[in-house]
file upload28.txt (compact mmCIF, C-alpha atoms and all ligand atoms)
# COMPACT_ATOMS: atom_id res chain seq x y z
CA MET A 12 -13.47 -65.61 -9.91
CA ARG A 13 -12.06 -62.33 -8.64
CA ILE A 14 -10.10 -60.67 -11.41
CA ILE A 15 -8.22 -57.39 -11.85
CA PHE A 16 -7.54 -55.97 -15.32
CA LEU A 17 -4.39 -53.86 -15.28
CA GLY A 18 -2.94 -52.02 -18.25
CA PRO A 19 -2.62 -48.75 -20.12
CA PRO A 20 -5.61 -46.63 -21.07
CA GLY A 21 -6.99 -47.83 -24.40
CA GLY A 22 -5.39 -51.25 -23.95
CA GLY A 23 -8.68 -53.11 -24.46
CA LYS A 24 -9.52 -53.81 -20.80
CA GLY A 25 -13.12 -52.63 -20.93
CA THR A 26 -13.81 -54.51 -24.17
CA GLN A 27 -12.49 -57.78 -22.73
CA ALA A 28 -14.09 -57.15 -19.33
CA ASP A 29 -17.54 -57.02 -20.98
CA PHE A 30 -16.83 -60.34 -22.66
CA ILE A 31 -15.57 -62.04 -19.49
CA ALA A 32 -18.37 -60.59 -17.35
CA GLU A 33 -20.92 -62.22 -19.64
CA ARG A 34 -19.02 -65.46 -19.99
CA TYR A 35 -18.34 -65.95 -16.26
CA GLU A 36 -21.57 -64.25 -15.12
CA ILE A 37 -19.77 -61.87 -12.81
CA PRO A 38 -20.11 -58.07 -12.64
CA LYS A 39 -17.62 -55.71 -14.23
CA LEU A 40 -16.69 -52.79 -12.02
CA SER A 41 -15.16 -50.03 -14.11
CA THR A 42 -14.10 -47.05 -12.03
CA GLY A 43 -13.92 -44.96 -15.23
CA ASP A 44 -17.57 -45.77 -16.04
CA LEU A 45 -18.68 -45.11 -12.46
CA LEU A 46 -16.87 -41.77 -12.38
CA ARG A 47 -18.22 -40.73 -15.81
CA GLU A 48 -21.72 -41.58 -14.60
CA GLY A 49 -21.16 -39.32 -11.58
CA VAL A 50 -19.93 -36.52 -13.84
CA ALA A 51 -22.95 -36.88 -16.18
CA LYS A 52 -25.41 -36.86 -13.27
CA GLU A 53 -23.52 -34.03 -11.56
CA THR A 54 -23.32 -35.91 -8.25
CA SER A 55 -20.95 -34.58 -5.59
CA LEU A 56 -18.52 -37.37 -6.50
CA GLY A 57 -18.79 -36.42 -10.18
CA LYS A 58 -18.17 -32.76 -9.43
CA GLU A 59 -15.05 -33.67 -7.48
CA ALA A 60 -13.77 -36.03 -10.19
CA LYS A 61 -14.53 -33.95 -13.29
CA GLY A 62 -11.51 -31.62 -13.31
CA TYR A 63 -9.01 -34.45 -12.79
CA MET A 64 -10.57 -36.57 -15.53
CA GLU A 65 -10.61 -33.76 -18.06
CA LYS A 66 -6.89 -33.18 -17.50
CA GLY A 67 -6.11 -36.89 -17.76
CA GLN A 68 -5.03 -37.04 -14.12
CA LEU A 69 -6.06 -39.62 -11.56
CA VAL A 70 -8.96 -38.86 -9.25
CA PRO A 71 -7.78 -38.82 -5.59
CA ASP A 72 -7.34 -42.29 -4.06
CA SER A 73 -9.78 -41.64 -1.21
CA VAL A 74 -12.62 -40.90 -3.66
CA VAL A 75 -12.04 -43.97 -5.82
CA ILE A 76 -11.40 -46.40 -2.98
CA GLY A 77 -14.69 -45.47 -1.30
CA LEU A 78 -16.50 -45.95 -4.58
CA VAL A 79 -15.07 -49.42 -5.17
CA GLU A 80 -15.52 -50.70 -1.63
CA ALA A 81 -19.17 -49.66 -1.65
CA LYS A 82 -19.66 -51.82 -4.75
CA LEU A 83 -17.61 -54.79 -3.56
CA VAL A 84 -19.81 -55.33 -0.50
CA SER A 85 -22.94 -55.58 -2.66
CA PRO A 86 -24.55 -59.05 -3.02
CA ASP A 87 -23.85 -59.35 -6.76
CA CYS A 88 -20.09 -59.15 -6.15
CA GLN A 89 -20.07 -62.06 -3.72
CA LYS A 90 -19.51 -64.76 -6.35
CA GLY A 91 -16.76 -62.80 -8.07
CA PHE A 92 -16.02 -59.63 -10.03
CA ILE A 93 -13.77 -58.00 -12.59
CA LEU A 94 -12.11 -54.76 -11.58
CA ASP A 95 -11.44 -52.72 -14.71
CA GLY A 96 -9.21 -49.69 -14.16
CA PHE A 97 -8.77 -50.20 -10.42
CA PRO A 98 -6.37 -50.22 -8.62
CA ARG A 99 -4.29 -47.58 -10.41
CA THR A 100 -1.89 -46.61 -7.63
CA VAL A 101 0.05 -48.50 -4.97
CA THR A 102 -2.13 -46.85 -2.30
CA GLN A 103 -5.26 -48.18 -4.02
CA ALA A 104 -3.71 -51.65 -4.28
CA ASP A 105 -2.73 -51.63 -0.58
CA GLN A 106 -6.26 -50.60 0.37
CA LEU A 107 -7.75 -53.31 -1.81
CA ASP A 108 -5.45 -55.88 -0.17
CA ASN A 109 -6.64 -54.76 3.28
CA PHE A 110 -10.25 -54.87 2.16
CA MET A 111 -9.92 -58.38 0.69
CA ARG A 112 -8.16 -59.58 3.83
CA SER A 113 -11.06 -58.29 5.92
CA THR A 114 -13.47 -60.39 3.83
CA GLY A 115 -11.31 -63.53 4.01
CA LYS A 116 -11.27 -63.74 0.19
CA LYS A 117 -8.52 -63.09 -2.32
CA VAL A 118 -8.00 -61.84 -5.84
CA ASP A 119 -7.37 -64.85 -8.10
CA ILE A 120 -5.52 -63.16 -10.93
CA VAL A 121 -4.33 -59.77 -12.14
CA VAL A 122 -4.33 -59.74 -15.93
CA PHE A 123 -1.75 -57.30 -17.27
CA PHE A 124 -2.57 -56.14 -20.82
CA SER A 125 0.72 -55.66 -22.62
CA ILE A 126 0.44 -53.57 -25.78
CA PRO A 127 2.76 -51.30 -27.80
CA LYS A 128 2.31 -47.54 -27.41
CA ASP A 129 1.56 -46.80 -31.07
CA GLU A 130 -1.29 -49.30 -30.97
CA ILE A 131 -2.65 -47.74 -27.77
CA VAL A 132 -2.73 -44.30 -29.40
CA LYS A 133 -4.57 -45.66 -32.47
CA ARG A 134 -7.10 -47.41 -30.27
CA ILE A 135 -7.78 -44.40 -28.05
CA SER A 136 -8.00 -41.98 -30.98
CA GLY A 137 -10.70 -44.02 -32.73
CA ARG A 138 -12.69 -44.96 -29.62
CA ARG A 139 -16.37 -44.05 -29.64
CA SER A 140 -18.73 -44.89 -26.77
CA CYS A 141 -22.45 -45.05 -26.27
CA GLN A 142 -23.54 -42.47 -23.72
CA GLU A 143 -26.55 -44.56 -22.84
CA CYS A 144 -25.41 -48.20 -22.42
CA LYS A 145 -21.61 -47.58 -22.29
CA ALA A 146 -20.87 -49.97 -25.18
CA VAL A 147 -17.48 -49.24 -26.73
CA TYR A 148 -16.66 -49.18 -30.45
CA HIS A 149 -13.76 -48.13 -32.65
CA LEU A 150 -14.09 -46.18 -35.90
CA ASP A 151 -11.95 -48.71 -37.82
CA TYR A 152 -11.41 -51.79 -35.64
CA VAL A 153 -14.84 -52.26 -34.02
CA PRO A 154 -17.25 -50.18 -36.10
CA PRO A 155 -20.97 -50.11 -35.33
CA LYS A 156 -23.30 -51.42 -38.06
CA GLN A 157 -24.63 -47.89 -38.64
CA HIS A 158 -22.14 -45.02 -38.41
CA GLY A 159 -22.42 -43.13 -35.11
CA ILE A 160 -25.23 -45.31 -33.72
CA CYS A 161 -24.98 -47.94 -30.98
CA ASP A 162 -25.81 -51.47 -32.20
CA LEU A 163 -27.18 -52.41 -28.81
CA CYS A 164 -29.49 -49.54 -27.86
CA GLY A 165 -29.69 -47.19 -30.87
CA HIS A 166 -28.32 -44.12 -29.06
CA SER A 167 -25.61 -41.95 -30.56
CA LEU A 168 -21.92 -42.61 -30.11
CA VAL A 169 -19.58 -39.94 -28.79
CA GLN A 170 -15.86 -39.42 -28.32
CA ARG A 171 -14.82 -39.14 -24.67
CA ASN A 172 -13.40 -35.69 -23.72
CA ASP A 173 -10.28 -37.35 -22.38
CA ASP A 174 -9.68 -39.26 -25.63
CA GLU A 175 -8.65 -36.07 -27.42
CA PRO A 176 -4.99 -35.95 -28.56
CA LYS A 177 -3.87 -33.35 -25.98
CA THR A 178 -5.04 -35.53 -23.09
CA ILE A 179 -3.82 -38.89 -24.39
CA GLU A 180 -0.12 -38.11 -23.75
CA SER A 181 -0.75 -37.00 -20.17
CA ARG A 182 -2.81 -40.14 -19.47
CA LEU A 183 0.00 -42.31 -20.79
CA PHE A 184 2.50 -40.43 -18.63
CA VAL A 185 0.30 -40.83 -15.55
CA TYR A 186 -0.02 -44.54 -16.35
CA GLN A 187 3.77 -44.99 -16.50
CA GLU A 188 4.38 -43.03 -13.32
CA GLN A 189 1.57 -44.19 -11.08
CA THR A 190 0.04 -47.41 -12.40
CA ALA A 191 2.86 -49.35 -14.09
CA PRO A 192 4.56 -49.98 -10.69
CA LEU A 193 1.62 -52.31 -9.95
CA ILE A 194 3.04 -54.80 -12.44
CA GLU A 195 5.92 -55.57 -10.04
CA TYR A 196 3.58 -55.25 -7.05
CA TYR A 197 1.38 -58.11 -8.25
CA LYS A 198 4.27 -60.08 -9.72
CA SER A 199 5.74 -60.25 -6.23
CA GLN A 200 2.39 -61.57 -4.95
CA ASN A 201 2.55 -64.28 -7.64
CA ILE A 202 -0.84 -63.40 -9.08
CA LEU A 203 0.20 -61.52 -12.23
CA GLY A 204 -0.73 -63.05 -15.59
CA GLU A 205 0.65 -61.25 -18.63
CA LEU A 206 -1.64 -61.04 -21.66
CA ASP A 207 -0.49 -60.08 -25.14
CA GLY A 208 -3.16 -57.43 -25.83
CA SER A 209 -2.23 -56.86 -29.47
CA GLY A 210 -4.18 -58.23 -32.44
CA SER A 211 -7.90 -58.46 -33.02
CA VAL A 212 -10.54 -58.44 -30.27
CA SER A 213 -11.23 -62.13 -30.85
CA ALA A 214 -7.52 -63.06 -30.81
CA VAL A 215 -7.13 -61.32 -27.44
CA GLN A 216 -10.32 -63.01 -26.16
CA ASP A 217 -8.89 -66.43 -27.01
CA ARG A 218 -5.60 -65.69 -25.23
CA LEU A 219 -7.45 -64.32 -22.23
CA LEU A 220 -9.69 -67.38 -21.92
CA ASP A 221 -6.57 -69.58 -22.06
CA LEU A 222 -4.96 -67.56 -19.29
CA LEU A 223 -8.04 -67.63 -17.04
CA THR A 224 -8.74 -71.32 -17.63
CA HIS A 225 -5.15 -72.16 -16.80
CA GLN A 226 -5.41 -70.05 -13.65
CA LYS A 227 -8.67 -71.75 -12.59
CA SER A 228 -7.24 -75.24 -12.89
CA GLU A 229 -4.18 -74.45 -10.77
P1 LIG B 301 -9.54 -49.63 -22.06
O1 LIG B 301 -10.78 -50.10 -21.31
O2 LIG B 301 -8.32 -50.42 -21.69
O3 LIG B 301 -9.32 -48.17 -21.96
P2 LIG B 301 -11.12 -50.20 -24.44
O4 LIG B 301 -11.65 -51.59 -24.21
O5 LIG B 301 -12.07 -49.07 -24.27
O6 LIG B 301 -9.77 -49.96 -23.59
O7 LIG B 301 -10.51 -50.20 -25.93
C1 LIG B 301 -9.96 -49.00 -26.48
C2 LIG B 301 -10.39 -48.89 -27.94
O8 LIG B 301 -9.79 -49.94 -28.70
C3 LIG B 301 -11.90 -49.02 -28.19
O9 LIG B 301 -12.24 -48.17 -29.24
C4 LIG B 301 -12.09 -50.49 -28.57
O10 LIG B 301 -13.22 -50.66 -29.42
C5 LIG B 301 -10.79 -50.78 -29.28
N1 LIG B 301 -10.28 -52.15 -29.08
C6 LIG B 301 -10.33 -52.90 -27.95
N2 LIG B 301 -9.69 -54.06 -28.13
C7 LIG B 301 -9.21 -54.05 -29.40
C8 LIG B 301 -8.45 -54.96 -30.20
N3 LIG B 301 -8.01 -56.13 -29.73
N4 LIG B 301 -8.14 -54.59 -31.46
C9 LIG B 301 -8.54 -53.41 -31.96
N5 LIG B 301 -9.25 -52.51 -31.27
C10 LIG B 301 -9.59 -52.82 -30.01
P1 LIG B 302 -10.78 -45.10 -17.74
O1 LIG B 302 -12.22 -45.13 -18.17
O2 LIG B 302 -10.40 -46.31 -16.96
O3 LIG B 302 -9.85 -44.79 -18.89
O4 LIG B 302 -10.66 -43.87 -16.71
C1 LIG B 302 -10.94 -42.55 -17.11
C2 LIG B 302 -10.47 -41.57 -16.06
O5 LIG B 302 -11.17 -41.81 -14.82
C3 LIG B 302 -8.99 -41.67 -15.67
O6 LIG B 302 -8.15 -40.94 -16.56
C4 LIG B 302 -9.00 -41.05 -14.27
O7 LIG B 302 -9.13 -39.64 -14.32
C5 LIG B 302 -10.31 -41.60 -13.70
N1 LIG B 302 -10.11 -42.91 -13.04
C6 LIG B 302 -10.60 -44.12 -13.43
N2 LIG B 302 -10.22 -45.08 -12.58
C7 LIG B 302 -9.44 -44.49 -11.64
C8 LIG B 302 -8.73 -44.96 -10.51
N3 LIG B 302 -8.70 -46.24 -10.16
N4 LIG B 302 -8.02 -44.04 -9.77
C9 LIG B 302 -8.03 -42.74 -10.09
N5 LIG B 302 -8.68 -42.23 -11.15
C10 LIG B 302 -9.38 -43.09 -11.92
call {"tool": "encode", "arguments": {"input": "upload28.txt", "output": "structure tokens", "more": "lines below"}}
Ligand code: ADP
Ligand code: AMP
result
Amino acid sequence: MRIIFLGPPGGGKGTQADFIAERYEIPKLSTGDLLREGVAKETSLGKEAKGYMEKGQLVPDSVVIGLVEAKLVSPDCQKGFILDGFPRTVTQADQLDNFMRSTGKKVDIVVFFSIPKDEIVKRISGRRSCQECKAVYHLDYVPPKQHGICDLCGHSLVQRNDDEPKTIESRLFVYQEQTAPLIEYYKSQNILGELDGSGSVSAVQDRLLDLLTHQKSE
């Protein structure tokens, strides 16, 4: 299956993408993770992206589109993929459409995570991530077994720079202005599936599996 996860920052996309990637045995492509990796390794891409990310702004379309297309042509994406955090602008979505057309394949479903703003802020504020394996936790909702330590690889958990309160508001503003228009964009293509992203991780998982199973059988 070829799946796009669309929704606000902190909406739970990455958490559910990990689950679906394992369940469907398809790779998760998170542009946020790829960009953060570039920043950490101080690659030229990372150096270009860093300033935008720290301010909670979007990295320029040309940078992100190149990054995604390079991944999508790789052999492990041929049986399907989950795009987490891409596209985030109409230009990115148009480019992805052109790219998919050139491969003769299509995106099966765009899952839109719908979630109230106060819940988003609580989720982002408590998010902690493993610098090593990228696993994501939450101080209250998804705590690790041992405080500050990743269950999966034992490395320490950190708060992302852009999860600090002063950046959260600008990311939510950018989401409304630049990414939310994609809801109508994909609705008009008849591939939008709305997911109630509130409630526990397992409640959202169940709803998501229902949505994807329904989509598959159509
Ligand atoms: P996104 O990828 O959309 O930015 P994440 O998957 O990183 O969102 O989730 C944001 C934060 O909320 C993380 O700390 C994660 O552990 C937590 N989280 C994800 N889904 C849920 C949920 N259904 N209920 C409570 N907390 C959640
Ligand atoms: P995320 O991990 O998805 O919350 O993304 C973190 C940050 O990476 C965003 O605030 C942007 O600065 C940048 N980013 C991630 N994906 C994209 C994208 N598709 N387009 C532009 N910038 C992106």
call {"tool": "axis_aligned_box", "arguments": {"input": "upload28.txt", "around": "ligand LIG 302 (chain B)", "padding_each_side": "8 Å", "output": "lines of an AutoDock Vina configuration file"}}
result
center_x = -10.1
center_y = -43.0
center_z = -14.3
size_x = 20.2
size_y = 22.7
size_z = 25.1
call {"tool": "closest_atom_pairs", "arguments": {"input": "upload28.txt", "of": "chain A", "to": "ligand LIG 301 (chain B)", "cutoff": "10 Å", "atoms": "only C-alpha atoms and all ligand atoms", "output": "CSV"}}
result
residue,atom,partner,partner_atom,distance
A:Phe16,CA,B:LIG301,O2,8.5
A:Leu17,CA,B:LIG301,O2,8.3
A:Gly18,CA,B:LIG301,O2,6.6
A:Pro19,CA,B:LIG301,O2,6.1
A:Pro20,CA,B:LIG301,O3,4.1
A:Gly21,CA,B:LIG301,O3,3.4
A:Gly22,CA,B:LIG301,O2,3.8
A:Gly23,CA,B:LIG301,O4,3.3
A:Lys24,CA,B:LIG301,O2,3.7
A:Gly25,CA,B:LIG301,O1,3.5
A:Thr26,CA,B:LIG301,O4,3.6
A:Gln27,CA,B:LIG301,O4,6.4
A:Ala28,CA,B:LIG301,O4,7.8
A:Asp29,CA,B:LIG301,O4,8.6
A:Ser41,CA,B:LIG301,O1,8.4
A:Gly43,CA,B:LIG301,O1,8.6
A:Asp44,CA,B:LIG301,O1,9.6
A:Asp95,CA,B:LIG301,O1,7.1
A:Gly96,CA,B:LIG301,O1,7.3
A:Phe124,CA,B:LIG301,O2,8.2
A:Ile126,CA,B:LIG301,N3,9.7
A:Glu130,CA,B:LIG301,C9,8.4
A:Ile131,CA,B:LIG301,O8,7.5
A:Val132,CA,B:LIG301,C2,9.0
A:Lys133,CA,B:LIG301,O8,7.7
A:Arg134,CA,B:LIG301,O8,4.0
A:Ile135,CA,B:LIG301,C2,5.2
A:Ser136,CA,B:LIG301,O9,7.7
A:Gly137,CA,B:LIG301,O9,5.6
A:Arg138,CA,B:LIG301,O9,3.3
A:Arg139,CA,B:LIG301,O9,5.8
A:Ser140,CA,B:LIG301,O9,7.7
A:Lys145,CA,B:LIG301,O5,9.9
A:Ala146,CA,B:LIG301,O10,8.8
A:Val147,CA,B:LIG301,O10,5.2
A:Tyr148,CA,B:LIG301,O10,3.9
A:His149,CA,B:LIG301,O9,3.7
A:Leu150,CA,B:LIG301,O9,7.2
A:Asp151,CA,B:LIG301,N5,8.0
A:Tyr152,CA,B:LIG301,N5,4.9
A:Val153,CA,B:LIG301,O10,5.1
A:Pro154,CA,B:LIG301,O10,7.8
A:Pro155,CA,B:LIG301,O10,9.8
A:Gln170,CA,B:LIG301,O9,9.5
A:Asp174,CA,B:LIG301,O3,9.6
A:Asp207,CA,B:LIG301,N3,9.7
A:Gly208,CA,B:LIG301,N3,6.4
A:Ser209,CA,B:LIG301,N3,5.8
A:Gly210,CA,B:LIG301,N3,5.1
A:Ser211,CA,B:LIG301,N3,4.0
A:Val212,CA,B:LIG301,N3,3.5
A:Ser213,CA,B:LIG301,N3,6.9
A:Ala214,CA,B:LIG301,N3,7.0
A:Val215,CA,B:LIG301,N3,5.7
A:Gln216,CA,B:LIG301,N3,8.1
call {"tool": "residues_near_ligand", "arguments": {"input": "upload28.txt", "ligand": "ligand LIG 302 (chain B)", "cutoff": "9 Å", "atoms": "all atoms listed in the file", "output": "PyMOL selection string"}}
result
chain A and resi 19-21+24-25+41-47+60-72+74-76+79+95-100+103+173-174+182+185-186
call {"tool": "atom_distance", "arguments": {"input": "upload28.txt", "atom1": "CA of Cys141 (chain A)", "atom2": "CA of Glu175 (chain A)"}}
result
16.5 Å
call {"tool": "closest_residue", "arguments": {"input": "upload28.txt", "among": "A:Thr178, A:Glu188, A:Phe92, A:Leu183", "to": "Arg34 (chain A)", "atoms": "all atoms listed in the file"}}
result
A:Phe92
call {"tool": "closest_residue", "arguments": {"input": "upload28.txt", "among": "A:Ala32, A:Leu94, A:Val121, A:Cys161", "to": "Asn201 (chain A)", "atoms": "only C-alpha atoms"}}
result
A:Val121
call {"tool": "atom_distance", "arguments": {"input": "upload28.txt", "atom1": "CA of Cys144 (chain A)", "atom2": "CA of Cys164 (chain A)"}}
result
6.9 Å
call {"tool": "closest_residue", "arguments": {"input": "upload28.txt", "among": "A:Tyr35, A:Phe110, A:Phe30, A:Phe123", "to": "Pro192 (chain A)", "atoms": "only C-alpha atoms"}}
result
A:Phe123
call {"tool": "closest_residue", "arguments": {"input": "upload28.txt", "among": "A:Ser113, A:Ile15, A:Ser181, A:Asp105", "to": "Ile202 (chain A)", "atoms": "all atoms listed in the file"}}
result
A:Ile15
call {"tool": "atom_distance", "arguments": {"input": "upload28.txt", "atom1": "CA of Val118 (chain A)", "atom2": "CA of Ile14 (chain A)"}}
result
6.1 Å
call {"tool": "residues_near_point", "arguments": {"input": "upload28.txt", "point": "(-6.0, -65.7, -19.1)", "cutoff": "10 Å", "atoms": "only C-alpha atoms", "output": "MDAnalysis selection string"}}
result
chainID A and resid 120:123 204:207 215:227
call {"tool": "closest_residue", "arguments": {"input": "upload28.txt", "among": "A:Gly91, A:Phe184, A:Ile37, A:Met111", "to": "Lys128 (chain A)", "atoms": "all atoms listed in the file"}}
result
A:Phe184
call {"tool": "closest_residue", "arguments": {"input": "upload28.txt", "among": "A:Ser167, A:Gln189, A:Ser55, A:Ser85", "to": "Glu143 (chain A)", "atoms": "only C-alpha atoms"}}
result
A:Ser167
call {"tool": "build_atoms", "arguments": {"input": "upload28.txt", "residues": "region 151-161 of chain A", "atoms": "all heavy atoms", "output": "CSV table (one decimal), keeping the file's coordinate frame"}}
result
chain,number,residue,atom,x,y,z
A,151,ASP,N,-12.5,-47.8,-36.8
A,151,ASP,CA,-12.0,-48.7,-37.8
A,151,ASP,C,-12.0,-50.2,-37.4
A,151,ASP,O,-12.3,-51.1,-38.1
A,151,ASP,CB,-10.5,-48.4,-38.2
A,151,ASP,CG,-10.4,-46.9,-38.6
A,151,ASP,OD1,-11.2,-46.5,-39.4
A,151,ASP,OD2,-9.4,-46.2,-38.1
A,152,TYR,N,-11.6,-50.4,-36.1
A,152,TYR,CA,-11.4,-51.8,-35.6
A,152,TYR,C,-12.7,-52.5,-35.2
A,152,TYR,O,-12.9,-53.7,-35.3
A,152,TYR,CB,-10.4,-51.9,-34.5
A,152,TYR,CG,-9.1,-51.3,-34.8
A,152,TYR,CD1,-8.4,-50.5,-33.8
A,152,TYR,CD2,-8.4,-51.4,-36.0
A,152,TYR,CE1,-7.1,-50.0,-34.0
A,152,TYR,CE2,-7.2,-50.9,-36.2
A,152,TYR,CZ,-6.5,-50.2,-35.2
A,152,TYR,OH,-5.3,-49.7,-35.5
A,153,VAL,N,-13.6,-51.7,-34.6
A,153,VAL,CA,-14.8,-52.3,-34.0
A,153,VAL,C,-16.0,-51.3,-34.4
A,153,VAL,O,-16.6,-50.7,-33.5
A,153,VAL,CB,-14.8,-52.4,-32.5
A,153,VAL,CG1,-16.0,-53.2,-32.0
A,153,VAL,CG2,-13.5,-53.0,-32.0
A,154,PRO,N,-16.2,-51.2,-35.7
A,154,PRO,CA,-17.2,-50.2,-36.1
A,154,PRO,C,-18.7,-50.7,-35.8
A,154,PRO,O,-19.0,-51.9,-35.9
A,154,PRO,CB,-17.0,-50.0,-37.6
A,154,PRO,CG,-16.4,-51.3,-38.0
A,154,PRO,CD,-15.6,-51.9,-36.9
A,155,PRO,N,-19.6,-49.7,-35.5
A,155,PRO,CA,-21.0,-50.1,-35.3
A,155,PRO,C,-21.6,-50.4,-36.7
A,155,PRO,O,-21.0,-50.0,-37.7
A,155,PRO,CB,-21.6,-48.8,-34.7
A,155,PRO,CG,-20.7,-47.7,-35.2
A,155,PRO,CD,-19.3,-48.3,-35.3
A,156,LYS,N,-22.7,-51.1,-36.7
A,156,LYS,CA,-23.3,-51.4,-38.1
A,156,LYS,C,-23.7,-50.1,-38.8
A,156,LYS,O,-23.5,-50.0,-40.0
A,156,LYS,CB,-24.5,-52.3,-37.8
A,156,LYS,CG,-24.2,-53.7,-37.3
A,156,LYS,CD,-25.4,-54.6,-37.4
A,156,LYS,CE,-25.1,-56.0,-36.8
A,156,LYS,NZ,-25.3,-56.0,-35.3
A,157,GLN,N,-24.2,-49.2,-38.0
A,157,GLN,CA,-24.6,-47.9,-38.6
A,157,GLN,C,-23.8,-46.8,-38.0
A,157,GLN,O,-23.7,-46.7,-36.8
A,157,GLN,CB,-26.1,-47.6,-38.3
A,157,GLN,CG,-26.7,-46.6,-39.2
A,157,GLN,CD,-28.2,-46.3,-38.7
A,157,GLN,OE1,-28.8,-47.1,-38.1
A,157,GLN,NE2,-28.7,-45.1,-39.0
A,158,HIS,N,-23.1,-46.0,-38.9
A,158,HIS,CA,-22.1,-45.0,-38.4
A,158,HIS,C,-22.7,-44.1,-37.3
A,158,HIS,O,-23.8,-43.5,-37.5
A,158,HIS,CB,-21.7,-44.1,-39.6
A,158,HIS,CG,-20.6,-43.1,-39.1
A,158,HIS,ND1,-19.3,-43.5,-38.8
A,158,HIS,CD2,-20.7,-41.8,-38.9
A,158,HIS,CE1,-18.7,-42.4,-38.4
A,158,HIS,NE2,-19.5,-41.4,-38.5
A,159,GLY,N,-22.0,-44.0,-36.2
A,159,GLY,CA,-22.4,-43.1,-35.1
A,159,GLY,C,-23.6,-43.6,-34.2
A,159,GLY,O,-24.0,-42.9,-33.3
A,160,ILE,N,-24.1,-44.8,-34.5
A,160,ILE,CA,-25.2,-45.3,-33.7
A,160,ILE,C,-24.9,-46.6,-33.0
A,160,ILE,O,-24.3,-47.5,-33.6
A,160,ILE,CB,-26.4,-45.6,-34.7
A,160,ILE,CG1,-26.8,-44.3,-35.5
A,160,ILE,CG2,-27.6,-46.1,-33.9
A,160,ILE,CD1,-27.4,-43.2,-34.7
A,161,CYS,N,-25.3,-46.7,-31.7
A,161,CYS,CA,-25.0,-47.9,-31.0
A,161,CYS,C,-25.8,-49.1,-31.5
A,161,CYS,O,-27.0,-49.0,-31.6
A,161,CYS,CB,-25.3,-47.7,-29.5
A,161,CYS,SG,-25.0,-49.1,-28.5
